[in-house]
>>> print(open('protein-v4.pdb').read())   # PDB, C-alpha atoms
ATOM      1  CA  MET A  17     125.085   9.169 -40.260  1.00  0.00           C
ATOM      2  CA  LEU A  18     122.597   8.140 -42.911  1.00  0.00           C
ATOM      3  CA  ALA A  19     123.156   9.583 -46.365  1.00  0.00           C
ATOM      4  CA  ALA A  20     119.524   9.513 -47.480  1.00  0.00           C
ATOM      5  CA  PRO A  21     117.190  10.205 -44.522  1.00  0.00           C
ATOM      6  CA  LEU A  22     114.191  10.667 -46.846  1.00  0.00           C
ATOM      7  CA  ALA A  23     114.690   7.215 -48.382  1.00  0.00           C
ATOM      8  CA  VAL A  24     115.015   5.649 -44.955  1.00  0.00           C
ATOM      9  CA  THR A  25     111.873   7.457 -43.801  1.00  0.00           C
ATOM     10  CA  VAL A  26     109.909   6.238 -46.835  1.00  0.00           C
ATOM     11  CA  VAL A  27     111.067   2.649 -46.299  1.00  0.00           C
ATOM     12  CA  ALA A  28     110.149   2.853 -42.604  1.00  0.00           C
ATOM     13  CA  VAL A  29     106.697   4.283 -43.372  1.00  0.00           C
ATOM     14  CA  VAL A  30     106.012   1.571 -45.987  1.00  0.00           C
ATOM     15  CA  TYR A  31     107.095  -1.095 -43.506  1.00  0.00           C
ATOM     16  CA  LEU A  32     104.863   0.393 -40.792  1.00  0.00           C
ATOM     17  CA  CYS A  33     101.912   0.505 -43.224  1.00  0.00           C
ATOM     18  CA  LEU A  34     102.329  -3.195 -44.005  1.00  0.00           C
ATOM     19  CA  LEU A  35     102.757  -3.961 -40.318  1.00  0.00           C
ATOM     20  CA  ALA A  36      99.606  -1.983 -39.423  1.00  0.00           C
ATOM     21  CA  VAL A  37      97.534  -3.914 -41.958  1.00  0.00           C
ATOM     22  CA  ARG A  38      98.957  -7.229 -40.727  1.00  0.00           C
ATOM     23  CA  VAL A  39      98.329  -6.393 -37.053  1.00  0.00           C
ATOM     24  CA  LEU A  40      94.757  -5.305 -37.787  1.00  0.00           C
ATOM     25  CA  GLY A  41      94.190  -8.511 -39.732  1.00  0.00           C
ATOM     26  CA  ALA A  42      95.588 -10.616 -36.899  1.00  0.00           C
ATOM     27  CA  ALA A  43      93.512  -8.776 -34.300  1.00  0.00           C
ATOM     28  CA  PHE A  44      90.180  -8.546 -36.136  1.00  0.00           C
ATOM     29  CA  GLY A  45      90.280 -11.222 -38.832  1.00  0.00           C
ATOM     30  CA  PRO A  46      89.742 -10.434 -42.506  1.00  0.00           C
ATOM     31  CA  LEU A  47      89.863  -6.684 -43.087  1.00  0.00           C
ATOM     32  CA  HIS A  48      87.591  -4.604 -45.195  1.00  0.00           C
ATOM     33  CA  SER A  49      89.474  -2.567 -47.740  1.00  0.00           C
ATOM     34  CA  ALA A  50      88.253   0.696 -46.170  1.00  0.00           C
ATOM     35  CA  ALA A  51      89.750  -0.221 -42.771  1.00  0.00           C
ATOM     36  CA  ALA A  52      93.052  -1.265 -44.333  1.00  0.00           C
ATOM     37  CA  LEU A  53      93.158   1.915 -46.429  1.00  0.00           C
ATOM     38  CA  LEU A  54      92.441   4.041 -43.356  1.00  0.00           C
ATOM     39  CA  ALA A  55      95.236   2.326 -41.393  1.00  0.00           C
ATOM     40  CA  VAL A  56      97.692   2.859 -44.247  1.00  0.00           C
ATOM     41  CA  LEU A  57      96.598   6.494 -44.617  1.00  0.00           C
ATOM     42  CA  LEU A  58      97.034   7.173 -40.893  1.00  0.00           C
ATOM     43  CA  VAL A  59     100.476   5.577 -40.751  1.00  0.00           C
ATOM     44  CA  ALA A  60     101.622   7.149 -44.019  1.00  0.00           C
ATOM     45  CA  THR A  61     100.644  10.682 -42.991  1.00  0.00           C
ATOM     46  CA  THR A  62     102.152  10.442 -39.496  1.00  0.00           C
ATOM     47  CA  PRO A  63     105.562  12.017 -40.343  1.00  0.00           C
ATOM     48  CA  TRP A  64     103.933  15.040 -41.953  1.00  0.00           C
ATOM     49  CA  THR A  65     101.328  15.306 -39.202  1.00  0.00           C
ATOM     50  CA  LEU A  66     104.036  15.293 -36.549  1.00  0.00           C
ATOM     51  CA  ASP A  67     105.996  17.877 -38.517  1.00  0.00           C
ATOM     52  CA  PHE A  68     102.869  20.039 -38.790  1.00  0.00           C
ATOM     53  CA  LEU A  69     102.241  19.747 -35.028  1.00  0.00           C
ATOM     54  CA  ASN A  70     105.853  20.824 -34.461  1.00  0.00           C
ATOM     55  CA  LEU A  71     106.232  18.920 -31.200  1.00  0.00           C
ATOM     56  CA  ASP A  72     109.141  20.068 -29.081  1.00  0.00           C
ATOM     57  CA  THR A  73     111.426  17.064 -28.674  1.00  0.00           C
ATOM     58  CA  ARG A  74     114.036  18.828 -26.579  1.00  0.00           C
ATOM     59  CA  LEU A  75     112.598  17.132 -23.507  1.00  0.00           C
ATOM     60  CA  TRP A  76     113.954  13.800 -24.715  1.00  0.00           C
ATOM     61  CA  ILE A  77     117.265  14.943 -26.177  1.00  0.00           C
ATOM     62  CA  ALA A  78     120.303  15.574 -24.035  1.00  0.00           C
ATOM     63  CA  ALA A  79     121.527  19.135 -24.291  1.00  0.00           C
ATOM     64  CA  ASP A  80     124.539  19.654 -26.502  1.00  0.00           C
ATOM     65  CA  THR A  81     126.992  21.339 -24.188  1.00  0.00           C
ATOM     66  CA  GLN A  82     129.001  22.798 -27.039  1.00  0.00           C
ATOM     67  CA  THR A  83     126.095  24.780 -28.510  1.00  0.00           C
ATOM     68  CA  GLN A  84     124.379  25.738 -25.250  1.00  0.00           C
ATOM     69  CA  GLU A  85     125.522  28.813 -23.425  1.00  0.00           C
ATOM     70  CA  ALA A  86     127.057  27.851 -20.127  1.00  0.00           C
ATOM     71  CA  GLU A  87     124.991  29.433 -17.362  1.00  0.00           C
ATOM     72  CA  ASP A  88     126.332  30.052 -13.926  1.00  0.00           C
ATOM     73  CA  PRO A  89     124.520  27.529 -11.675  1.00  0.00           C
ATOM     74  CA  GLY A  90     124.757  29.975  -8.791  1.00  0.00           C
ATOM     75  CA  ALA A  91     122.945  32.664 -10.774  1.00  0.00           C
ATOM     76  CA  VAL A  92     120.163  30.245 -11.736  1.00  0.00           C
ATOM     77  CA  GLU A  93     119.740  29.111  -8.149  1.00  0.00           C
ATOM     78  CA  GLU A  94     119.704  32.718  -6.937  1.00  0.00           C
ATOM     79  CA  LEU A  95     117.047  33.555  -9.535  1.00  0.00           C
ATOM     80  CA  LEU A  96     114.848  30.682  -8.326  1.00  0.00           C
ATOM     81  CA  TYR A  97     115.254  31.487  -4.627  1.00  0.00           C
ATOM     82  CA  ASP A  98     114.506  35.160  -5.325  1.00  0.00           C
ATOM     83  CA  GLN A  99     111.072  34.396  -6.836  1.00  0.00           C
ATOM     84  CA  PRO A 100     108.979  34.497  -3.612  1.00  0.00           C
ATOM     85  CA  ALA A 101     110.253  38.001  -2.811  1.00  0.00           C
ATOM     86  CA  ARG A 102     109.677  39.150  -6.393  1.00  0.00           C
ATOM     87  CA  ILE A 103     106.123  37.791  -6.393  1.00  0.00           C
ATOM     88  CA  ALA A 104     105.404  39.400  -3.003  1.00  0.00           C
ATOM     89  CA  ALA A 105     106.659  42.731  -4.373  1.00  0.00           C
ATOM     90  CA  ALA A 106     104.481  42.369  -7.495  1.00  0.00           C
ATOM     91  CA  VAL A 107     101.385  41.504  -5.425  1.00  0.00           C
ATOM     92  CA  GLU A 108     102.040  44.342  -2.965  1.00  0.00           C
ATOM     93  CA  HIS A 109     100.659  46.990  -5.347  1.00  0.00           C
ATOM     94  CA  LEU A 110      97.395  45.142  -6.027  1.00  0.00           C
ATOM     95  CA  GLN A 111      94.144  46.807  -5.112  1.00  0.00           C
ATOM     96  CA  PRO A 112      91.596  44.676  -3.268  1.00  0.00           C
ATOM     97  CA  VAL A 113      88.887  43.045  -5.329  1.00  0.00           C
ATOM     98  CA  PRO A 114      85.492  44.673  -4.700  1.00  0.00           C
ATOM     99  CA  ALA A 115      82.924  42.358  -3.111  1.00  0.00           C
ATOM    100  CA  HIS A 116      80.603  42.484  -6.147  1.00  0.00           C
ATOM    101  CA  VAL A 117      83.367  41.456  -8.580  1.00  0.00           C
ATOM    102  CA  ALA A 118      84.087  37.794  -9.236  1.00  0.00           C
ATOM    103  CA  ARG A 119      87.697  36.743  -8.809  1.00  0.00           C
ATOM    104  CA  GLY A 120      89.378  35.330 -11.891  1.00  0.00           C
ATOM    105  CA  LEU A 121      92.711  34.299 -13.280  1.00  0.00           C
ATOM    106  CA  LEU A 122      93.993  34.840 -16.805  1.00  0.00           C
ATOM    107  CA  CYS A 123      96.742  32.411 -17.642  1.00  0.00           C
ATOM    108  CA  ARG A 124      98.276  32.495 -21.099  1.00  0.00           C
ATOM    109  CA  LEU A 125     100.673  29.688 -21.874  1.00  0.00           C
ATOM    110  CA  ARG A 126     102.602  29.127 -25.030  1.00  0.00           C
ATOM    111  CA  ARG A 127     105.152  26.447 -25.746  1.00  0.00           C
ATOM    112  CA  ARG A 128     107.335  28.332 -28.205  1.00  0.00           C
ATOM    113  CA  TRP A 129     107.715  32.090 -28.619  1.00  0.00           C
ATOM    114  CA  ARG A 130     109.493  34.065 -31.266  1.00  0.00           C
ATOM    115  CA  ALA A 131     112.430  36.086 -30.007  1.00  0.00           C
ATOM    116  CA  GLY A 132     111.272  39.255 -28.297  1.00  0.00           C
ATOM    117  CA  GLY A 133     107.595  38.275 -28.506  1.00  0.00           C
ATOM    118  CA  ILE A 134     106.943  37.181 -24.934  1.00  0.00           C
ATOM    119  CA  PRO A 135     106.690  40.489 -23.085  1.00  0.00           C
ATOM    120  CA  ALA A 136     104.945  42.320 -25.921  1.00  0.00           C
ATOM    121  CA  ARG A 137     102.178  39.737 -26.278  1.00  0.00           C
ATOM    122  CA  ALA A 138     101.755  39.187 -22.554  1.00  0.00           C
ATOM    123  CA  LEU A 139     101.610  42.924 -21.886  1.00  0.00           C
ATOM    124  CA  TYR A 140      99.088  43.392 -24.702  1.00  0.00           C
ATOM    125  CA  ALA A 141      96.910  40.547 -23.357  1.00  0.00           C
ATOM    126  CA  ALA A 142      97.065  42.049 -19.844  1.00  0.00           C
ATOM    127  CA  GLN A 143      96.178  45.494 -21.241  1.00  0.00           C
ATOM    128  CA  VAL A 144      93.195  44.198 -23.222  1.00  0.00           C
ATOM    129  CA  PHE A 145      91.983  42.010 -20.360  1.00  0.00           C
ATOM    130  CA  GLY A 146      92.457  44.868 -17.871  1.00  0.00           C
ATOM    131  CA  ALA A 147      90.551  47.341 -20.057  1.00  0.00           C
ATOM    132  CA  ARG A 148      87.719  44.912 -20.716  1.00  0.00           C
ATOM    133  CA  PHE A 149      87.251  43.794 -17.098  1.00  0.00           C
ATOM    134  CA  ASP A 150      88.650  46.859 -15.296  1.00  0.00           C
ATOM    135  CA  SER A 151      91.296  44.698 -13.656  1.00  0.00           C
ATOM    136  CA  SER A 152      94.512  46.564 -14.495  1.00  0.00           C
ATOM    137  CA  GLN A 153      95.145  47.441 -10.850  1.00  0.00           C
ATOM    138  CA  ARG A 154      94.523  43.839  -9.802  1.00  0.00           C
ATOM    139  CA  SER A 155      96.861  42.103 -12.266  1.00  0.00           C
ATOM    140  CA  VAL A 156     100.207  40.405 -11.819  1.00  0.00           C
ATOM    141  CA  LEU A 157     102.343  39.272 -14.746  1.00  0.00           C
ATOM    142  CA  LEU A 158     104.545  36.191 -14.452  1.00  0.00           C
ATOM    143  CA  ILE A 159     106.706  35.907 -17.560  1.00  0.00           C
ATOM    144  CA  ASN A 160     109.411  33.450 -18.556  1.00  0.00           C
ATOM    145  CA  ASP A 161     111.621  35.378 -20.944  1.00  0.00           C
ATOM    146  CA  ILE A 162     115.069  33.948 -21.557  1.00  0.00           C
ATOM    147  CA  GLU A 163     116.289  37.363 -22.743  1.00  0.00           C
ATOM    148  CA  ASP A 164     115.014  39.289 -19.690  1.00  0.00           C
ATOM    149  CA  ARG A 165     114.699  37.403 -16.419  1.00  0.00           C
ATOM    150  CA  ASP A 166     114.695  40.499 -14.221  1.00  0.00           C
ATOM    151  CA  SER A 167     111.604  42.492 -15.226  1.00  0.00           C
ATOM    152  CA  TYR A 168     108.936  40.047 -14.062  1.00  0.00           C
ATOM    153  CA  PRO A 169     108.680  37.115 -11.669  1.00  0.00           C
ATOM    154  CA  LEU A 170     108.936  33.739 -13.391  1.00  0.00           C
ATOM    155  CA  ALA A 171     105.832  31.784 -14.349  1.00  0.00           C
ATOM    156  CA  SER A 172     105.971  28.422 -12.590  1.00  0.00           C
ATOM    157  CA  VAL A 173     103.605  26.172 -10.694  1.00  0.00           C
ATOM    158  CA  SER A 174     104.900  27.436  -7.359  1.00  0.00           C
ATOM    159  CA  GLY A 175     104.857  31.015  -8.670  1.00  0.00           C
ATOM    160  CA  LEU A 176     101.200  30.709  -9.657  1.00  0.00           C
ATOM    161  CA  ALA A 177     100.330  29.201  -6.280  1.00  0.00           C
ATOM    162  CA  GLN A 178     102.149  31.941  -4.379  1.00  0.00           C
ATOM    163  CA  THR A 179     100.620  34.689  -6.526  1.00  0.00           C
ATOM    164  CA  ARG A 180      97.168  33.264  -5.910  1.00  0.00           C
ATOM    165  CA  SER A 181      97.644  32.940  -2.143  1.00  0.00           C
ATOM    166  CA  CYS A 182      99.168  36.426  -1.865  1.00  0.00           C
ATOM    167  CA  SER A 183      96.441  38.009  -3.997  1.00  0.00           C
ATOM    168  CA  LEU A 184      93.681  36.381  -1.927  1.00  0.00           C
ATOM    169  CA  ARG A 185      95.121  38.076   1.161  1.00  0.00           C
ATOM    170  CA  ALA A 186      95.280  41.441  -0.626  1.00  0.00           C
TER
END
>>> encode(input="protein-v4.pdb", output="structure tokens")
Amino acid sequence: MLAAPLAVTVVAVVYLCLLAVRVLGAAFGPLHSAAALLAVLLVATTPWTLDFLNLDTRLWIAADTQTQEAEDPGAVEELLYDQPARIAAAVEHLQPVPAHVARGLLCRLRRRWRAGGIPARALYAAQVFGARFDSSQRSVLLINDIEDRDSYPLASVSGLAQTRSCSLRA
């Protein structure tokens, strides 16, 4: 493990700045100072820009089995196989869309939620949208909440497709 990650980061950024200027010079010939300064500025601000964007890197990192809660694979599989029935039950109560009303879909996606914030925000958005467009009786909520997987069907590509096909028949 490195003792001074900030020092290593600074050295790496300085090296990348020099490399960027050299590559631009090799590709385009003699550089104007403005182009070189812009390249250095872009490379130098990259660590802070990436930190500001707060990209989720868990997709590329293997899960640490010691810190993750062990989930029963059978329960997860049962949850996934139960989704079509849950979506059909949620769509069952929908009222038909009147002929003069355009069909629409509200889809709110968010990469990272604060604990306990998913249902509250999704329910509020559905309430506001339903009040504004008189669509409360024609709405289905698909929510991925790690704390409560039983209240709503899961939001997934196949879940959206099934909800759409079921609601078109309603």
>>> closest_residue(input="protein-v4.pdb", among="A:Leu71, A:Leu110, A:Ile159, A:Val24", to="Arg180 (chain A)", atoms="all atoms listed in the file")
A:Leu110
>>> atom_distance(input="protein-v4.pdb", atom1="CA of Pro169 (chain A)", atom2="CA of Gln111 (chain A)")
18.7 Å
>>> resolve_selection(input="protein-v4.pdb", expression="the PyMOL selection byres ((chain A and resi 158) around 12)", output="ChimeraX atom specification")
/A:99-100,102-104,106-107,122-125,134-135,138-139,142,155-157,159-161,165-180
>>> atom_distance(input="protein-v4.pdb", atom1="CA of His116 (chain A)", atom2="CA of Tyr140 (chain A)")
26.2 Å
>>> closest_residue(input="protein-v4.pdb", among="A:Asp67, A:Asp150, A:Asp164, A:Glu108", to="Leu95 (chain A)", atoms="only C-alpha atoms")
A:Asp164
>>> closest_residue(input="protein-v4.pdb", among="A:Ala36, A:Phe68, A:Ala23, A:Ala42", to="Val56 (chain A)", atoms="only C-alpha atoms")
A:Ala36
>>> atom_distance(input="protein-v4.pdb", atom1="CA of Val30 (chain A)", atom2="CA of Ala60 (chain A)")
7.4 Å
>>> resolve_selection(input="protein-v4.pdb", expression="the PyMOL selection byres ((chain A and resi 151) around 12)", output="PyMOL selection string")
chain A and resi 110-114+117-122+141-150+152-156
>>> closest_residue(input="protein-v4.pdb", among="A:Thr61, A:Asp88, A:Ala43, A:Ala50", to="Val26 (chain A)", atoms="all atoms listed in the file")
A:Thr61
>>> closest_residue(input="protein-v4.pdb", among="A:Leu22, A:Val59, A:Ile162, A:His48", to="Leu34 (chain A)", atoms="only C-alpha atoms")
A:Val59
>>> residues_around(input="protein-v4.pdb", residues="Leu58 (chain A)", least_positions_apart="6", cutoff="12 Å", atoms="only C-alpha atoms", output="ChimeraX atom specification")
/A:29-30,32-33,36-37,51-52,64-66
>>> build_atoms(input="protein-v4.pdb", residues="region 154-170 of chain A", atoms="N, CA, C and O atoms", output="PDB file, in the coordinates of the input")
ATOM      1  N   ARG A 154      94.579  45.099 -10.540  1.00  0.00           N
ATOM      2  CA  ARG A 154      94.523  43.839  -9.802  1.00  0.00           C
ATOM      3  C   ARG A 154      95.208  42.729 -10.583  1.00  0.00           C
ATOM      4  O   ARG A 154      94.844  41.566 -10.474  1.00  0.00           O
ATOM      5  N   SER A 155      96.199  43.073 -11.398  1.00  0.00           N
ATOM      6  CA  SER A 155      96.861  42.103 -12.266  1.00  0.00           C
ATOM      7  C   SER A 155      98.330  41.954 -11.916  1.00  0.00           C
ATOM      8  O   SER A 155      99.004  42.927 -11.592  1.00  0.00           O
ATOM      9  N   VAL A 156      98.791  40.721 -12.013  1.00  0.00           N
ATOM     10  CA  VAL A 156     100.207  40.405 -11.819  1.00  0.00           C
ATOM     11  C   VAL A 156     100.663  39.611 -13.032  1.00  0.00           C
ATOM     12  O   VAL A 156      99.983  38.685 -13.461  1.00  0.00           O
ATOM     13  N   LEU A 157     101.792  39.991 -13.603  1.00  0.00           N
ATOM     14  CA  LEU A 157     102.343  39.272 -14.746  1.00  0.00           C
ATOM     15  C   LEU A 157     103.501  38.391 -14.289  1.00  0.00           C
ATOM     16  O   LEU A 157     104.409  38.853 -13.602  1.00  0.00           O
ATOM     17  N   LEU A 158     103.441  37.129 -14.657  1.00  0.00           N
ATOM     18  CA  LEU A 158     104.545  36.191 -14.452  1.00  0.00           C
ATOM     19  C   LEU A 158     104.998  35.787 -15.844  1.00  0.00           C
ATOM     20  O   LEU A 158     104.225  35.206 -16.602  1.00  0.00           O
ATOM     21  N   ILE A 159     106.233  36.113 -16.192  1.00  0.00           N
ATOM     22  CA  ILE A 159     106.706  35.907 -17.560  1.00  0.00           C
ATOM     23  C   ILE A 159     108.046  35.193 -17.554  1.00  0.00           C
ATOM     24  O   ILE A 159     108.968  35.597 -16.845  1.00  0.00           O
ATOM     25  N   ASN A 160     108.143  34.151 -18.351  1.00  0.00           N
ATOM     26  CA  ASN A 160     109.411  33.450 -18.556  1.00  0.00           C
ATOM     27  C   ASN A 160     110.009  33.950 -19.860  1.00  0.00           C
ATOM     28  O   ASN A 160     109.564  33.559 -20.930  1.00  0.00           O
ATOM     29  N   ASP A 161     110.953  34.823 -19.766  1.00  0.00           N
ATOM     30  CA  ASP A 161     111.621  35.378 -20.944  1.00  0.00           C
ATOM     31  C   ASP A 161     113.107  35.130 -20.787  1.00  0.00           C
ATOM     32  O   ASP A 161     113.747  35.675 -19.895  1.00  0.00           O
ATOM     33  N   ILE A 162     113.652  34.307 -21.668  1.00  0.00           N
ATOM     34  CA  ILE A 162     115.069  33.948 -21.557  1.00  0.00           C
ATOM     35  C   ILE A 162     115.978  35.161 -21.770  1.00  0.00           C
ATOM     36  O   ILE A 162     117.094  35.203 -21.281  1.00  0.00           O
ATOM     37  N   GLU A 163     115.477  36.174 -22.477  1.00  0.00           N
ATOM     38  CA  GLU A 163     116.289  37.363 -22.743  1.00  0.00           C
ATOM     39  C   GLU A 163     116.239  38.373 -21.595  1.00  0.00           C
ATOM     40  O   GLU A 163     117.115  39.218 -21.468  1.00  0.00           O
ATOM     41  N   ASP A 164     115.173  38.341 -20.791  1.00  0.00           N
ATOM     42  CA  ASP A 164     115.014  39.289 -19.690  1.00  0.00           C
ATOM     43  C   ASP A 164     114.382  38.569 -18.504  1.00  0.00           C
ATOM     44  O   ASP A 164     113.173  38.405 -18.438  1.00  0.00           O
ATOM     45  N   ARG A 165     115.204  38.138 -17.580  1.00  0.00           N
ATOM     46  CA  ARG A 165     114.699  37.403 -16.419  1.00  0.00           C
ATOM     47  C   ARG A 165     114.504  38.297 -15.203  1.00  0.00           C
ATOM     48  O   ARG A 165     114.161  37.813 -14.127  1.00  0.00           O
ATOM     49  N   ASP A 166     114.730  39.604 -15.365  1.00  0.00           N
ATOM     50  CA  ASP A 166     114.695  40.499 -14.221  1.00  0.00           C
ATOM     51  C   ASP A 166     113.446  41.362 -14.138  1.00  0.00           C
ATOM     52  O   ASP A 166     113.130  41.871 -13.074  1.00  0.00           O
ATOM     53  N   SER A 167     112.732  41.564 -15.230  1.00  0.00           N
ATOM     54  CA  SER A 167     111.604  42.492 -15.226  1.00  0.00           C
ATOM     55  C   SER A 167     110.368  41.942 -14.536  1.00  0.00           C
ATOM     56  O   SER A 167     109.600  42.708 -13.952  1.00  0.00           O
ATOM     57  N   TYR A 168     110.143  40.652 -14.621  1.00  0.00           N
ATOM     58  CA  TYR A 168     108.936  40.047 -14.062  1.00  0.00           C
ATOM     59  C   TYR A 168     109.300  38.782 -13.299  1.00  0.00           C
ATOM     60  O   TYR A 168     110.267  38.111 -13.641  1.00  0.00           O
ATOM     61  N   PRO A 169     108.476  38.421 -12.310  1.00  0.00           N
ATOM     62  CA  PRO A 169     108.680  37.115 -11.669  1.00  0.00           C
ATOM     63  C   PRO A 169     108.442  36.005 -12.694  1.00  0.00           C
ATOM     64  O   PRO A 169     107.711  36.186 -13.674  1.00  0.00           O
ATOM     65  N   LEU A 170     109.060  34.855 -12.458  1.00  0.00           N
ATOM     66  CA  LEU A 170     108.936  33.739 -13.391  1.00  0.00           C
ATOM     67  C   LEU A 170     107.593  33.034 -13.237  1.00  0.00           C
ATOM     68  O   LEU A 170     107.079  32.891 -12.130  1.00  0.00           O
TER      69      LEU A 170
END
